[in-house]
Protein chains: 2
Amino acid sequence: MSRSSSLYLSTERFTALYHIRCTSAEVEARARDICIEQTVEFPETLITSTAIRDQIIGRVVAIEAIGEDRFEVGIAYPVETAGRELTQLINVLFGNISIQPSVRLVGFDLPESLRQHYRGPRFGRAGLRTLLDVHDRSLLCTAIKPMGLSPTELAELAYRLALGGIDLIKDDHGLSDQTFCPFDERVARCAEAVARANRETGKRCLYLPNVSAPATEVARRARLAKQAGAGGVLFCPGLCGLDAMRTLAEDDTFGLPILSHPAFQGSFCVHPDSGISHGVLYGQLNRLAGADATIFPSWGGRFAYTRDECLDLVDGTTREMGSIKPIFPVPAGGMRLDRVGELCRFYGRDCILLIGGDLHAQGPDLVASCRRFGELVREASNDLDGDRRRHPPAGAQR
Amino acid sequence: MSRSSSLYLSTERFTALYHIRCTSAEVEARARDICIEQTVEFPETLITSTAIRDQIIGRVVAIEAIGEDRFEVGIAYPVETAGRELTQLINVLFGNISIQPSVRLVGFDLPESLRQHYRGPRFGRAGLRTLLDVHDRSLLCTAIKPMGLSPTELAELAYRLALGGIDLIKDDHGLSDQTFCPFDERVARCAEAVARANRETGKRCLYLPNVSAPATEVARRARLAKQAGAGGVLFCPGLCGLDAMRTLAEDDTFGLPILSHPAFQGSFCVHPDSGISHGVLYGQLNRLAGADATIFPSWGGRFAYTRDECLDLVDGTTREMGSIKPIFPVPAGGMRLDRVGELCRFYGRDCILLIGGDLHAQGPDLVASCRRFGELVREASNDLDGDRRRHPPAGAQR
């Protein structure tokens, strides 16, 4: 068995980068095991076909020690193994080995022949700035919540947030289509409220309802959101599947920006020796699946990401991916107004700052709190300009 | 803000069980944080609406110490927060807190009012046994592989495997729709080969092609598989989304059994203090999403699950879920013929044994190796009967 008389693949390969925790005596065998597990998943000694051994199995292209019992391993897979499908590409990158406790996917690089199957973000950083006509500062984002408010109450909130100068107002990711807040009614009212505020301010605030939904329902909600006047959508690829987001992003009849939310994806990043790096999960995979911005829990908030993890994440939003555009990092998860300066210095101007509860903690005048948020961001962006003129940062042009 | 004049929810709640690692001084606050994070996601002190505080926020219903700095915490959420959607149910159970490093979802219990939105497995254990007309032993499963074989070669393999008495022959999960092995051609040839073998043996072997695919393509491939005569399908909910599997399972025009594969889901179980327990991930969630059998890497194979984790997983396949049927556990991941007796004793008769590569390692006569697999399973099942008569096991009726 395992003869394959008709296998003629191109010689082109895509590369995955893994961190492996093991001894130096083990690392070559571990790397080779991954090459097999992610392709043929079959005992190598039983594969008699030279074509399959040579053309299908992954190939170790680099092994480098990066710490005590830690190695960075590059593996090159034939482009044909990944088909023309995101689901299968992810399967080859990290399908079965997601089950292994000491392998972490930390990067991947696709040749143009494979990348061409993916359109990536429709807007990305530049497109979203053009849409909002904001070019010289970080963008302001907040959420309408808490769950339990009626569509009318949420719309009133959205109106005041837009009046205060917020650029992107998203549904809380816990708002779906509950009896106490039906999707259709909420979206119609909130979109109308934000449009009304925009007429008063002359600004282009976008309302982004949450269209995370059952598989057969995403397209309907997205269409309804667009018809109601929403300026974009919120989507949770962890709940709905990365390919469902890609489908939405590539749908020309939809054509609005997508803000990706990490619900149910956190377990991929929790353990430093396994899962997927922040740069790949929040950055590269979101870009390939068409998100224009990626929400994540920043260091210093309610969650436990470190500064280094956040930097890796930001790197993943701009990492070279050919025609796949860079996207906005959206630090969130308990961010506060008194940290805006610090956040802007850390993330630079090319980020979307998402502040939720703390806007409400400033006092009863929500419009004033939003304006204060905007002032702080403008001040911080100006300071950044000053700092840049004095100390041009390394890699600032990236 | 946060007044909600019109909120009148039922008093019904569903319960999630978490394991939390923290000190006893912290546990009440940690539990309360989860109640808030998973519902309103808003500073509690800023919620002025009594209705939202009373009706929307999760409620701690149990805290029990289960080890040093480890607690089991029960939280009851209003059924309305989960809507009528699997995506939103999972969001409430484990959306944001998937990002936290020391919280693990270990169980959930839905009242009938919420469960009624889910049909669960169409076949389950009993239905699959009826379909195969095998009632007195564990079922035999294998995969056609390695990737790189042509549709003709895979069909020849499938023919011999079916001739040897395998009950379920699945595609390797790495076979999708690659140029070297197009889905349509592979499925047509393999289904025909298995049907031919069935005519010769008089058996009812099922061929299950892999329909893990882009969001807009799953239904087409599933329909095509059915038209070609496939007896079921393989599906990777980690790659495609759990709700995509539910959609397929509940589609009456499809109506075939679904074998769930864990690709890209492993990170949920890797770290014992975070993520999702084996019983919930492989068992309860798969059942809710309509899988009839759940493949997992058993202890003693290529992967690192422990015996206790496998027992928890099996428990999740039968755990009380009202009308949601029990499903088959499918131990896999490097299982060998010489371990069949041990596996049958460990898992009991109600499992599907998946042996891949080792059938080929037995020598060139694949049909004979399959027959040997069948004999070993029948012997083990008979031994089990003998053991049972001598020592009726506790919980054997479950």
# chains A, B, ... in the order shown; residues from 1 in each chain; ligands from 1
$ closest_atom_pairs --of "chain B" --to "chain A" --cutoff "6 Å" --atoms "only C-alpha atoms" --output "JSON lines"
{"residue": "B:Ser4", "atom": "CA", "partner": "A:Leu149", "partner_atom": "CA", "distance": 5.4}
{"residue": "B:Val40", "atom": "CA", "partner": "A:Pro146", "partner_atom": "CA", "distance": 4.7}
{"residue": "B:Phe42", "atom": "CA", "partner": "A:Gly357", "partner_atom": "CA", "distance": 5.6}
{"residue": "B:Ile52", "atom": "CA", "partner": "A:Gly148", "partner_atom": "CA", "distance": 5.6}
{"residue": "B:Gly83", "atom": "CA", "partner": "A:Gln178", "partner_atom": "CA", "distance": 4.7}
{"residue": "B:Thr87", "atom": "CA", "partner": "A:Leu239", "partner_atom": "CA", "distance": 5.4}
{"residue": "B:Gly95", "atom": "CA", "partner": "A:Ala263", "partner_atom": "CA", "distance": 4.2}
{"residue": "B:Asn96", "atom": "CA", "partner": "A:Ala263", "partner_atom": "CA", "distance": 4.9}
{"residue": "B:Ser98", "atom": "CA", "partner": "A:Gly266", "partner_atom": "CA", "distance": 4.5}
{"residue": "B:Ile99", "atom": "CA", "partner": "A:Gly266", "partner_atom": "CA", "distance": 3.8}
{"residue": "B:Pro101", "atom": "CA", "partner": "A:Val270", "partner_atom": "CA", "distance": 5.6}
{"residue": "B:Pro146", "atom": "CA", "partner": "A:Val40", "partner_atom": "CA", "distance": 4.7}
{"residue": "B:Met147", "atom": "CA", "partner": "A:Val40", "partner_atom": "CA", "distance": 4.9}
{"residue": "B:Gly148", "atom": "CA", "partner": "A:Ile52", "partner_atom": "CA", "distance": 5.6}
{"residue": "B:Leu149", "atom": "CA", "partner": "A:Ser4", "partner_atom": "CA", "distance": 5.4}
{"residue": "B:Gln178", "atom": "CA", "partner": "A:Gly83", "partner_atom": "CA", "distance": 4.7}
{"residue": "B:Pro214", "atom": "CA", "partner": "A:Asp243", "partner_atom": "CA", "distance": 5.9}
{"residue": "B:Ala215", "atom": "CA", "partner": "A:Ala244", "partner_atom": "CA", "distance": 5.4}
{"residue": "B:Leu239", "atom": "CA", "partner": "A:Thr87", "partner_atom": "CA", "distance": 5.4}
{"residue": "B:Cys240", "atom": "CA", "partner": "A:Gly241", "partner_atom": "CA", "distance": 5.4}
{"residue": "B:Gly241", "atom": "CA", "partner": "A:Gly241", "partner_atom": "CA", "distance": 4.5}
{"residue": "B:Asp243", "atom": "CA", "partner": "A:Pro214", "partner_atom": "CA", "distance": 5.9}
{"residue": "B:Ala244", "atom": "CA", "partner": "A:Ala215", "partner_atom": "CA", "distance": 5.4}
{"residue": "B:Ala263", "atom": "CA", "partner": "A:Gly95", "partner_atom": "CA", "distance": 4.2}
{"residue": "B:Phe264", "atom": "CA", "partner": "A:Gly95", "partner_atom": "CA", "distance": 4.2}
{"residue": "B:Gly266", "atom": "CA", "partner": "A:Ile99", "partner_atom": "CA", "distance": 3.8}
{"residue": "B:Ser267", "atom": "CA", "partner": "A:Gly275", "partner_atom": "CA", "distance": 5.3}
{"residue": "B:Phe268", "atom": "CA", "partner": "A:Ser267", "partner_atom": "CA", "distance": 5.3}
{"residue": "B:Val270", "atom": "CA", "partner": "A:Pro101", "partner_atom": "CA", "distance": 5.6}
{"residue": "B:Gly275", "atom": "CA", "partner": "A:Ser267", "partner_atom": "CA", "distance": 5.3}
{"residue": "B:Gly357", "atom": "CA", "partner": "A:Phe42", "partner_atom": "CA", "distance": 5.6}
$ residues_around --residues "Ile166 of chain A" --least-positions-apart "4" --cutoff "8 Å" --atoms "only C-alpha atoms" --output "number ranges by chain"
A: 140-142, 161-162, 205, 370, 374
$ write_last_selection --atoms "all heavy atoms" --output "mmCIF file, in the first residue's frame"
data_model
loop_
_atom_site.group_PDB
_atom_site.id
_atom_site.type_symbol
_atom_site.label_atom_id
_atom_site.label_comp_id
_atom_site.auth_asym_id
_atom_site.auth_seq_id
_atom_site.Cartn_x
_atom_site.Cartn_y
_atom_site.Cartn_z
ATOM 1 N N LEU A 140 -11.141 56.102 19.052
ATOM 2 C CA LEU A 140 -11.875 55.907 20.307
ATOM 3 C C LEU A 140 -13.000 54.893 20.102
ATOM 4 O O LEU A 140 -13.803 55.042 19.188
ATOM 5 C CB LEU A 140 -12.520 57.215 20.769
ATOM 6 C CG LEU A 140 -11.695 58.499 20.703
ATOM 7 C CD1 LEU A 140 -12.517 59.668 21.237
ATOM 8 C CD2 LEU A 140 -10.423 58.350 21.512
ATOM 9 N N CYS A 141 -13.034 53.916 20.990
ATOM 10 C CA CYS A 141 -14.071 52.890 20.876
ATOM 11 C C CYS A 141 -14.692 52.645 22.247
ATOM 12 O O CYS A 141 -14.026 52.760 23.276
ATOM 13 C CB CYS A 141 -13.442 51.602 20.341
ATOM 14 S SG CYS A 141 -14.572 50.210 20.136
ATOM 15 N N THR A 142 -15.974 52.318 22.249
ATOM 16 C CA THR A 142 -16.618 51.884 23.488
ATOM 17 C C THR A 142 -17.737 50.906 23.142
ATOM 18 O O THR A 142 -18.006 50.648 21.962
ATOM 19 C CB THR A 142 -17.156 53.075 24.310
ATOM 20 O OG1 THR A 142 -17.509 52.605 25.626
ATOM 21 C CG2 THR A 142 -18.387 53.711 23.669
ATOM 22 N N LEU A 161 -22.996 58.545 23.428
ATOM 23 C CA LEU A 161 -21.602 58.183 23.164
ATOM 24 C C LEU A 161 -21.128 58.788 21.839
ATOM 25 O O LEU A 161 -20.008 59.289 21.732
ATOM 26 C CB LEU A 161 -21.447 56.658 23.141
ATOM 27 C CG LEU A 161 -21.700 55.945 24.490
ATOM 28 C CD1 LEU A 161 -21.932 54.448 24.282
ATOM 29 C CD2 LEU A 161 -20.535 56.173 25.453
ATOM 30 N N ALA A 162 -22.001 58.734 20.838
ATOM 31 C CA ALA A 162 -21.654 59.306 19.527
ATOM 32 C C ALA A 162 -21.552 60.831 19.620
ATOM 33 O O ALA A 162 -20.649 61.449 19.044
ATOM 34 C CB ALA A 162 -22.690 58.906 18.482
ATOM 35 N N CYS A 205 -19.133 58.705 13.239
ATOM 36 C CA CYS A 205 -19.133 57.601 14.217
ATOM 37 C C CYS A 205 -19.804 56.357 13.619
ATOM 38 O O CYS A 205 -20.841 56.445 12.970
ATOM 39 C CB CYS A 205 -19.885 58.044 15.469
ATOM 40 S SG CYS A 205 -20.162 56.714 16.651
ATOM 41 N N CYS A 370 -16.970 61.230 27.417
ATOM 42 C CA CYS A 370 -16.462 60.852 26.092
ATOM 43 C C CYS A 370 -15.560 61.959 25.538
ATOM 44 O O CYS A 370 -14.519 61.691 24.943
ATOM 45 C CB CYS A 370 -17.618 60.609 25.118
ATOM 46 S SG CYS A 370 -18.600 59.167 25.550
ATOM 47 N N GLY A 374 -11.656 61.837 24.393
ATOM 48 C CA GLY A 374 -11.110 62.361 23.145
ATOM 49 C C GLY A 374 -9.972 63.345 23.368
ATOM 50 O O GLY A 374 -8.931 63.278 22.682
#
$ atom_distance --atom1 "atom CA of Asp252 of chain B" --atom2 "atom CA of Ile352 of chain B"
25.0 Å
$ closest_residue --among "A:Leu256, A:Asp383, A:Gly120, A:Leu353" --to "Thr317 of chain A" --atoms "only C-alpha atoms"
A:Gly120
